[in-house]
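Structure data (PDB, C-alpha atoms) from data.pdb:
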MODEL        1
ATOM      1  CA  GLY R  19     -73.579  64.473 -37.191  1.00  0.00           C
ATOM      2  CA  ALA R  20     -72.728  63.174 -33.740  1.00  0.00           C
ATOM      3  CA  PHE R  21     -71.347  59.918 -35.183  1.00  0.00           C
ATOM      4  CA  SER R  22     -69.215  61.524 -37.878  1.00  0.00           C
ATOM      5  CA  GLY R  23     -66.191  59.288 -38.459  1.00  0.00           C
ATOM      6  CA  LEU R  24     -67.823  56.104 -37.188  1.00  0.00           C
ATOM      7  CA  GLU R  25     -68.593  54.944 -40.716  1.00  0.00           C
ATOM      8  CA  LYS R  26     -64.853  55.028 -41.539  1.00  0.00           C
ATOM      9  CA  ILE R  27     -64.052  52.815 -38.544  1.00  0.00           C
ATOM     10  CA  ILE R  28     -66.668  50.304 -39.697  1.00  0.00           C
ATOM     11  CA  GLY R  29     -65.481  50.479 -43.297  1.00  0.00           C
ATOM     12  CA  ASP R  30     -61.848  49.938 -42.310  1.00  0.00           C
ATOM     13  CA  ARG R  31     -62.805  46.851 -40.300  1.00  0.00           C
ATOM     14  CA  LEU R  32     -64.828  45.426 -43.169  1.00  0.00           C
ATOM     15  CA  GLN R  33     -62.013  46.038 -45.632  1.00  0.00           C
ATOM     16  CA  GLY R  34     -59.579  44.369 -43.249  1.00  0.00           C
ATOM     17  CA  LYS R  35     -61.749  41.230 -43.316  1.00  0.00           C
ATOM     18  CA  SER R  36     -61.751  40.943 -47.099  1.00  0.00           C
ATOM     19  CA  ILE R  37     -60.387  37.551 -48.150  1.00  0.00           C
ATOM     20  CA  GLY R  38     -58.515  36.473 -51.248  1.00  0.00           C
ATOM     21  CA  PHE R  39     -56.322  38.175 -53.789  1.00  0.00           C
ATOM     22  CA  GLY R  40     -58.023  41.221 -55.250  1.00  0.00           C
ATOM     23  CA  ALA R  41     -60.970  40.976 -52.867  1.00  0.00           C
ATOM     24  CA  HIS R  42     -62.791  44.274 -52.429  1.00  0.00           C
ATOM     25  CA  VAL R  43     -65.189  45.605 -49.852  1.00  0.00           C
ATOM     26  CA  ALA R  44     -66.801  48.897 -50.767  1.00  0.00           C
ATOM     27  CA  GLY R  45     -65.567  51.695 -48.531  1.00  0.00           C
ATOM     28  CA  PRO R  46     -67.844  54.158 -46.723  1.00  0.00           C
ATOM     29  CA  ASP R  47     -67.597  56.609 -49.600  1.00  0.00           C
ATOM     30  CA  GLU R  48     -68.893  53.956 -51.992  1.00  0.00           C
ATOM     31  CA  ARG R  49     -71.863  52.808 -49.900  1.00  0.00           C
ATOM     32  CA  ARG R  50     -74.846  54.542 -48.406  1.00  0.00           C
ATOM     33  CA  MET R  51     -74.318  55.546 -44.779  1.00  0.00           C
ATOM     34  CA  GLY R  52     -77.215  53.400 -43.636  1.00  0.00           C
ATOM     35  CA  GLU R  53     -75.726  50.328 -45.298  1.00  0.00           C
ATOM     36  CA  VAL R  54     -72.384  50.898 -43.566  1.00  0.00           C
ATOM     37  CA  LEU R  55     -74.007  51.394 -40.157  1.00  0.00           C
ATOM     38  CA  LYS R  56     -75.928  48.129 -40.516  1.00  0.00           C
ATOM     39  CA  SER R  57     -72.560  46.385 -40.129  1.00  0.00           C
ATOM     40  CA  ILE R  58     -71.769  48.029 -36.792  1.00  0.00           C
ATOM     41  CA  GLU R  59     -70.192  45.965 -34.009  1.00  0.00           C
ATOM     42  CA  PRO R  60     -69.486  46.874 -30.356  1.00  0.00           C
ATOM     43  CA  GLU R  61     -65.742  47.073 -31.125  1.00  0.00           C
ATOM     44  CA  ASP R  62     -66.478  49.906 -33.579  1.00  0.00           C
ATOM     45  CA  LEU R  63     -68.170  51.959 -30.867  1.00  0.00           C
ATOM     46  CA  LEU R  64     -65.266  51.369 -28.489  1.00  0.00           C
ATOM     47  CA  LYS R  65     -62.771  52.566 -31.108  1.00  0.00           C
ATOM     48  CA  PHE R  66     -64.993  55.592 -31.686  1.00  0.00           C
ATOM     49  CA  GLY R  67     -64.575  56.492 -28.013  1.00  0.00           C
ATOM     50  CA  LEU R  68     -67.767  55.415 -26.270  1.00  0.00           C
ATOM     51  CA  ILE R  69     -67.222  53.924 -22.833  1.00  0.00           C
ATOM     52  CA  PRO R  70     -67.594  50.130 -22.364  1.00  0.00           C
ATOM     53  CA  GLU R  71     -70.418  50.600 -19.833  1.00  0.00           C
ATOM     54  CA  PHE R  72     -72.450  52.489 -22.426  1.00  0.00           C
ATOM     55  CA  VAL R  73     -71.562  50.176 -25.318  1.00  0.00           C
ATOM     56  CA  GLY R  74     -72.591  47.149 -23.279  1.00  0.00           C
ATOM     57  CA  ARG R  75     -76.119  48.553 -22.973  1.00  0.00           C
ATOM     58  CA  LEU R  76     -76.456  49.785 -26.540  1.00  0.00           C
ATOM     59  CA  PRO R  77     -78.852  47.822 -28.783  1.00  0.00           C
ATOM     60  CA  VAL R  78     -76.347  47.355 -31.601  1.00  0.00           C
ATOM     61  CA  ILE R  79     -78.806  45.286 -33.632  1.00  0.00           C
ATOM     62  CA  ALA R  80     -80.464  48.572 -34.549  1.00  0.00           C
ATOM     63  CA  THR R  81     -78.702  50.895 -36.941  1.00  0.00           C
ATOM     64  CA  LEU R  82     -77.592  54.277 -35.687  1.00  0.00           C
ATOM     65  CA  GLU R  83     -79.998  55.802 -38.212  1.00  0.00           C
ATOM     66  CA  ASP R  84     -82.747  54.474 -35.967  1.00  0.00           C
ATOM     67  CA  LEU R  85     -81.224  55.508 -32.647  1.00  0.00           C
ATOM     68  CA  ASP R  86     -81.941  58.704 -30.790  1.00  0.00           C
ATOM     69  CA  ILE R  87     -78.543  59.297 -29.231  1.00  0.00           C
ATOM     70  CA  ALA R  88     -79.855  61.932 -26.819  1.00  0.00           C
ATOM     71  CA  ALA R  89     -82.497  59.552 -25.498  1.00  0.00           C
ATOM     72  CA  LEU R  90     -79.904  56.796 -25.155  1.00  0.00           C
ATOM     73  CA  LEU R  91     -77.490  58.973 -23.249  1.00  0.00           C
ATOM     74  CA  ASN R  92     -80.243  60.130 -20.922  1.00  0.00           C
ATOM     75  CA  ARG R  93     -81.629  56.640 -20.387  1.00  0.00           C
ATOM     76  CA  GLN R  94     -78.428  54.603 -20.231  1.00  0.00           C
ATOM     77  CA  VAL R  95     -75.758  56.964 -18.851  1.00  0.00           C
ATOM     78  CA  LEU R  96     -77.458  59.643 -16.752  1.00  0.00           C
ATOM     79  CA  ARG R  97     -80.443  57.719 -15.453  1.00  0.00           C
ATOM     80  CA  GLY R  98     -78.715  56.532 -12.290  1.00  0.00           C
ATOM     81  CA  PHE R  99     -77.257  59.899 -11.305  1.00  0.00           C
ATOM     82  CA  ALA R 100     -78.658  61.946  -8.441  1.00  0.00           C
ATOM     83  CA  PRO R 101     -80.186  65.322  -9.412  1.00  0.00           C
ATOM     84  CA  GLU R 102     -77.227  67.119  -7.804  1.00  0.00           C
ATOM     85  CA  LEU R 103     -74.770  65.276 -10.049  1.00  0.00           C
ATOM     86  CA  ARG R 104     -76.899  65.766 -13.138  1.00  0.00           C
ATOM     87  CA  GLU R 105     -76.950  69.531 -12.556  1.00  0.00           C
ATOM     88  CA  PHE R 106     -73.197  69.485 -11.951  1.00  0.00           C
ATOM     89  CA  LEU R 107     -72.717  67.832 -15.352  1.00  0.00           C
ATOM     90  CA  LEU R 108     -74.952  70.385 -17.078  1.00  0.00           C
ATOM     91  CA  CYS R 109     -72.851  73.158 -15.558  1.00  0.00           C
ATOM     92  CA  LEU R 110     -69.604  71.340 -16.295  1.00  0.00           C
ATOM     93  CA  ALA R 111     -70.522  71.144 -19.977  1.00  0.00           C
ATOM     94  CA  GLN R 112     -70.298  74.934 -20.217  1.00  0.00           C
ATOM     95  CA  LEU R 113     -66.526  74.643 -19.743  1.00  0.00           C
ATOM     96  CA  ARG R 114     -64.274  73.868 -22.719  1.00  0.00           C
ATOM     97  CA  ILE R 115     -61.699  72.263 -20.414  1.00  0.00           C
ATOM     98  CA  PHE R 116     -61.685  72.165 -16.638  1.00  0.00           C
ATOM     99  CA  SER R 117     -59.752  71.504 -13.458  1.00  0.00           C
ATOM    100  CA  VAL R 118     -61.231  70.762 -10.054  1.00  0.00           C
ATOM    101  CA  GLU R 119     -60.430  74.308  -8.941  1.00  0.00           C
ATOM    102  CA  LEU R 120     -62.159  75.847 -11.964  1.00  0.00           C
ATOM    103  CA  CYS R 121     -65.181  73.580 -11.491  1.00  0.00           C
ATOM    104  CA  ARG R 122     -65.452  74.431  -7.823  1.00  0.00           C
ATOM    105  CA  HIS R 123     -65.344  78.161  -8.497  1.00  0.00           C
ATOM    106  CA  ALA R 124     -67.550  78.168 -11.612  1.00  0.00           C
ATOM    107  CA  THR R 125     -70.279  75.927 -10.211  1.00  0.00           C
ATOM    108  CA  GLY R 126     -70.022  77.068  -6.595  1.00  0.00           C
ATOM    109  CA  ASP R 127     -70.212  73.380  -5.672  1.00  0.00           C
ATOM    110  CA  GLY R 128     -67.962  72.445  -2.772  1.00  0.00           C
ATOM    111  CA  ASN R 129     -68.285  68.793  -3.774  1.00  0.00           C
ATOM    112  CA  ALA R 130     -66.642  69.317  -7.182  1.00  0.00           C
ATOM    113  CA  GLN R 131     -63.710  67.041  -6.327  1.00  0.00           C
ATOM    114  CA  ARG R 132     -66.013  64.261  -5.169  1.00  0.00           C
ATOM    115  CA  HIS R 133     -68.207  64.597  -8.265  1.00  0.00           C
ATOM    116  CA  ILE R 134     -65.264  64.442 -10.660  1.00  0.00           C
ATOM    117  CA  ASP R 135     -63.724  61.485  -8.825  1.00  0.00           C
ATOM    118  CA  HIS R 136     -67.060  59.680  -9.048  1.00  0.00           C
ATOM    119  CA  LEU R 137     -67.396  60.379 -12.771  1.00  0.00           C
ATOM    120  CA  LEU R 138     -63.828  59.220 -13.421  1.00  0.00           C
ATOM    121  CA  HIS R 139     -64.490  56.050 -11.444  1.00  0.00           C
ATOM    122  CA  ARG R 140     -67.609  55.417 -13.539  1.00  0.00           C
ATOM    123  CA  ASN R 141     -65.691  56.116 -16.784  1.00  0.00           C
ATOM    124  CA  VAL R 142     -68.275  58.698 -17.743  1.00  0.00           C
ATOM    125  CA  PHE R 143     -66.803  60.420 -20.792  1.00  0.00           C
ATOM    126  CA  ILE R 144     -64.155  62.480 -18.954  1.00  0.00           C
ATOM    127  CA  ILE R 145     -60.773  62.631 -20.679  1.00  0.00           C
ATOM    128  CA  PRO R 146     -57.587  63.637 -18.764  1.00  0.00           C
ATOM    129  CA  LEU R 147     -55.497  66.176 -20.667  1.00  0.00           C
ATOM    130  CA  ASP R 148     -52.212  65.966 -18.782  1.00  0.00           C
ATOM    131  CA  ARG R 149     -50.067  63.392 -17.022  1.00  0.00           C
ATOM    132  CA  ASN R 150     -50.835  64.811 -13.591  1.00  0.00           C
ATOM    133  CA  ARG R 151     -54.583  64.691 -14.260  1.00  0.00           C
ATOM    134  CA  LYS R 152     -55.104  68.316 -13.376  1.00  0.00           C
ATOM    135  CA  TRP R 153     -57.006  69.276 -16.515  1.00  0.00           C
ATOM    136  CA  TYR R 154     -59.819  67.398 -18.196  1.00  0.00           C
ATOM    137  CA  ARG R 155     -62.383  67.724 -20.941  1.00  0.00           C
ATOM    138  CA  LEU R 156     -65.650  65.978 -21.695  1.00  0.00           C
ATOM    139  CA  HIS R 157     -65.916  63.657 -24.677  1.00  0.00           C
ATOM    140  CA  GLY R 158     -67.195  65.815 -27.546  1.00  0.00           C
ATOM    141  CA  LEU R 159     -70.316  63.731 -28.165  1.00  0.00           C
ATOM    142  CA  PHE R 160     -71.258  63.732 -24.478  1.00  0.00           C
ATOM    143  CA  ARG R 161     -70.625  67.472 -24.106  1.00  0.00           C
ATOM    144  CA  GLU R 162     -72.743  68.180 -27.174  1.00  0.00           C
ATOM    145  CA  TYR R 163     -75.599  66.258 -25.606  1.00  0.00           C
ATOM    146  CA  LEU R 164     -75.215  67.962 -22.217  1.00  0.00           C
ATOM    147  CA  LEU R 165     -75.164  71.426 -23.779  1.00  0.00           C
ATOM    148  CA  SER R 166     -78.393  70.599 -25.585  1.00  0.00           C
ATOM    149  CA  GLU R 167     -79.923  69.375 -22.329  1.00  0.00           C
ATOM    150  CA  ALA R 168     -78.743  72.482 -20.492  1.00  0.00           C
ATOM    151  CA  ASP R 169     -80.452  74.722 -23.033  1.00  0.00           C
ATOM    152  CA  GLY R 170     -83.767  73.165 -22.081  1.00  0.00           C
ATOM    153  CA  SER R 171     -83.420  72.301 -18.407  1.00  0.00           C
ATOM    154  CA  LEU R 172     -80.744  74.506 -16.794  1.00  0.00           C
ATOM    155  CA  ASP R 173     -82.004  77.819 -15.460  1.00  0.00           C
ATOM    156  CA  PRO R 174     -80.641  80.590 -17.759  1.00  0.00           C
ATOM    157  CA  GLU R 175     -79.462  82.640 -14.794  1.00  0.00           C
ATOM    158  CA  ARG R 176     -77.646  79.601 -13.385  1.00  0.00           C
ATOM    159  CA  LYS R 177     -75.924  79.035 -16.736  1.00  0.00           C
ATOM    160  CA  ARG R 178     -74.971  82.707 -16.986  1.00  0.00           C
ATOM    161  CA  ASP R 179     -73.584  82.673 -13.446  1.00  0.00           C
ATOM    162  CA  VAL R 180     -71.444  79.596 -14.197  1.00  0.00           C
ATOM    163  CA  LEU R 181     -69.990  81.297 -17.272  1.00  0.00           C
ATOM    164  CA  LYS R 182     -69.355  84.589 -15.420  1.00  0.00           C
ATOM    165  CA  ARG R 183     -67.619  82.787 -12.557  1.00  0.00           C
ATOM    166  CA  ALA R 184     -65.583  80.725 -15.027  1.00  0.00           C
ATOM    167  CA  ALA R 185     -64.495  83.933 -16.767  1.00  0.00           C
ATOM    168  CA  ASP R 186     -63.477  85.406 -13.408  1.00  0.00           C
ATOM    169  CA  TRP R 187     -61.417  82.341 -12.431  1.00  0.00           C
ATOM    170  CA  CYS R 188     -59.721  82.136 -15.826  1.00  0.00           C
ATOM    171  CA  ALA R 189     -58.851  85.838 -15.765  1.00  0.00           C
ATOM    172  CA  ARG R 190     -57.336  85.548 -12.283  1.00  0.00           C
ATOM    173  CA  ASN R 191     -55.277  82.575 -13.502  1.00  0.00           C
ATOM    174  CA  SER R 192     -54.185  84.208 -16.785  1.00  0.00           C
ATOM    175  CA  GLU R 193     -56.230  81.809 -18.931  1.00  0.00           C
ATOM    176  CA  TRP R 194     -57.168  84.748 -21.109  1.00  0.00           C
ATOM    177  CA  ARG R 195     -58.616  83.028 -24.161  1.00  0.00           C
ATOM    178  CA  ASP R 196     -61.136  81.080 -22.092  1.00  0.00           C
ATOM    179  CA  ALA R 197     -61.773  84.083 -19.831  1.00  0.00           C
ATOM    180  CA  ILE R 198     -62.781  86.200 -22.826  1.00  0.00           C
ATOM    181  CA  ASP R 199     -64.839  83.425 -24.398  1.00  0.00           C
ATOM    182  CA  TYR R 200     -66.746  82.760 -21.159  1.00  0.00           C
ATOM    183  CA  ALA R 201     -67.359  86.475 -20.596  1.00  0.00           C
ATOM    184  CA  LEU R 202     -68.788  86.807 -24.093  1.00  0.00           C
ATOM    185  CA  ALA R 203     -70.916  83.676 -23.670  1.00  0.00           C
ATOM    186  CA  SER R 204     -72.351  85.067 -20.433  1.00  0.00           C
ATOM    187  CA  GLY R 205     -73.303  88.335 -22.112  1.00  0.00           C
ATOM    188  CA  GLU R 206     -70.575  90.328 -20.358  1.00  0.00           C
ATOM    189  CA  ALA R 207     -69.270  92.052 -23.485  1.00  0.00           C
ATOM    190  CA  ALA R 208     -67.861  94.995 -21.535  1.00  0.00           C
ATOM    191  CA  ALA R 209     -65.813  92.711 -19.284  1.00  0.00           C
ATOM    192  CA  ALA R 210     -64.586  90.774 -22.315  1.00  0.00           C
ATOM    193  CA  SER R 211     -63.570  94.041 -23.984  1.00  0.00           C
ATOM    194  CA  GLN R 212     -61.628  95.122 -20.907  1.00  0.00           C
ATOM    195  CA  MET R 213     -59.805  91.802 -20.794  1.00  0.00           C
ATOM    196  CA  LEU R 214     -59.007  92.018 -24.483  1.00  0.00           C
ATOM    197  CA  ASP R 215     -57.615  95.525 -24.008  1.00  0.00           C
ATOM    198  CA  ARG R 216     -55.352  94.217 -21.257  1.00  0.00           C
ATOM    199  CA  THR R 217     -54.143  91.210 -23.213  1.00  0.00           C
ATOM    200  CA  ALA R 218     -54.186  92.280 -26.871  1.00  0.00           C
ATOM    201  CA  THR R 219     -50.414  92.636 -26.978  1.00  0.00           C
ATOM    202  CA  ILE R 220     -50.040  89.126 -25.541  1.00  0.00           C
ATOM    203  CA  PHE R 221     -52.389  87.643 -28.143  1.00  0.00           C
ATOM    204  CA  LEU R 222     -50.646  89.448 -30.977  1.00  0.00           C
ATOM    205  CA  ARG R 223     -47.151  88.629 -29.759  1.00  0.00           C
ATOM    206  CA  ASP R 224     -47.759  84.953 -28.993  1.00  0.00           C
ATOM    207  CA  ARG R 225     -50.461  83.874 -31.420  1.00  0.00           C
ATOM    208  CA  GLY R 226     -51.639  86.782 -33.524  1.00  0.00           C
ATOM    209  CA  ASP R 227     -55.275  85.783 -33.012  1.00  0.00           C
ATOM    210  CA  SER R 228     -56.966  88.747 -31.326  1.00  0.00           C
ATOM    211  CA  GLN R 229     -58.707  89.539 -34.630  1.00  0.00           C
ATOM    212  CA  GLN R 230     -61.274  86.779 -33.933  1.00  0.00           C
ATOM    213  CA  TYR R 231     -62.777  88.956 -31.151  1.00  0.00           C
ATOM    214  CA  ILE R 232     -63.056  92.066 -33.316  1.00  0.00           C
ATOM    215  CA  ASP R 233     -66.225  92.666 -35.329  1.00  0.00           C
TER     216      ASP R 233
ENDMDL
END
How does the structure come out when it is put into structure tokens?
Amino acid sequence: GAFSGLEKIIGDRLQGKSIGFGAHVAGPDERRMGEVLKSIEPEDLLKFGLIPEFVGRLPVIATLEDLDIAALLNRQVLRGFAPELREFLLCLAQLRIFSVELCRHATGDGNAQRHIDHLLHRNVFIIPLDRNRKWYRLHGLFREYLLSEADGSLDPERKRDVLKRAADWCARNSEWRDAIDYALASGEAAAASQMLDRTATIFLRDRGDSQQYID
């Protein structure tokens, strides 16, 4: 599930608080998930990777069995965003990793830099991947939610166009794995095949993983 691994964080904290020689607190594998989650504290959610702004609004007195994480994300994180920024996020979620340049080209949004700066300033689930902060990714839980939202609210042609443009940018910048994946996701199997033909020797020489694209 979306909170896979959180029960271990809680269990480790509880075990760390055990007092006295030979004291024992049942670990997550020894207790029902619901029982473990009833012991949740804000510090557990922070260690799991949720942003402080979100954790501060989360009703921790309820167990996560009772929480609808999608509803919480929509209500607590995205509620204050303008429609333009919400659509940008839905498009951004289509990208495995991203730079400002890739975002600008894939989304066609000239305000990509401003949007990303705003999201970084708000600590909204964006994780830098390099020291120079050129490449980023979305927190896995947040991206999973946005992809689900996009399936229901983002126009299919808009989604397809984002993926096609992302494939084009990645191909022009020799990011072949992502270029092929985006082309396939957009339904452009012929373009993906052409790219694979051009780069098969590179895949085989460097990683030996072209077989994943072959039926």
Across R:Phe116, R:Trp194, R:Phe99, R:Tyr163, the smallest distance to Asp148 of chain R, with only C-alpha atoms counted, is shown by R:Phe116
*When the PyMOL selection byres ((chain R and resi 156-162) around 7) is applied to the file above, which residues end up in the set, as an MDAnalysis selection string?*
chainID R and resid 20 111 143:145 154:155 163:166
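In this structure, atom CA of Gln212 of chain R sits 16.1 Å away from atom CA of Arg183 of chain R.
Evaluated on this file, the PyMOL selection byres ((chain R and resi 102) around 12) matches R:Leu96, R:Gly98, R:Phe99, R:Ala100, R:Pro101, R:Leu103, R:Arg104, R:Glu105, R:Phe106, R:Leu107, R:Leu108, R:Cys109, R:Thr125, R:Asp127, R:Gly128, R:Asn129, R:Ala130, R:Arg132, R:His133.
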Between atom CA of Trp153 of chain R and atom CA of Arg140 of chain R lies a distance of 17.7 Å
In Å and to one decimal, atom CA of Asn150 of chain R is distant from atom CA of Leu120 of chain R by 15.9 Å
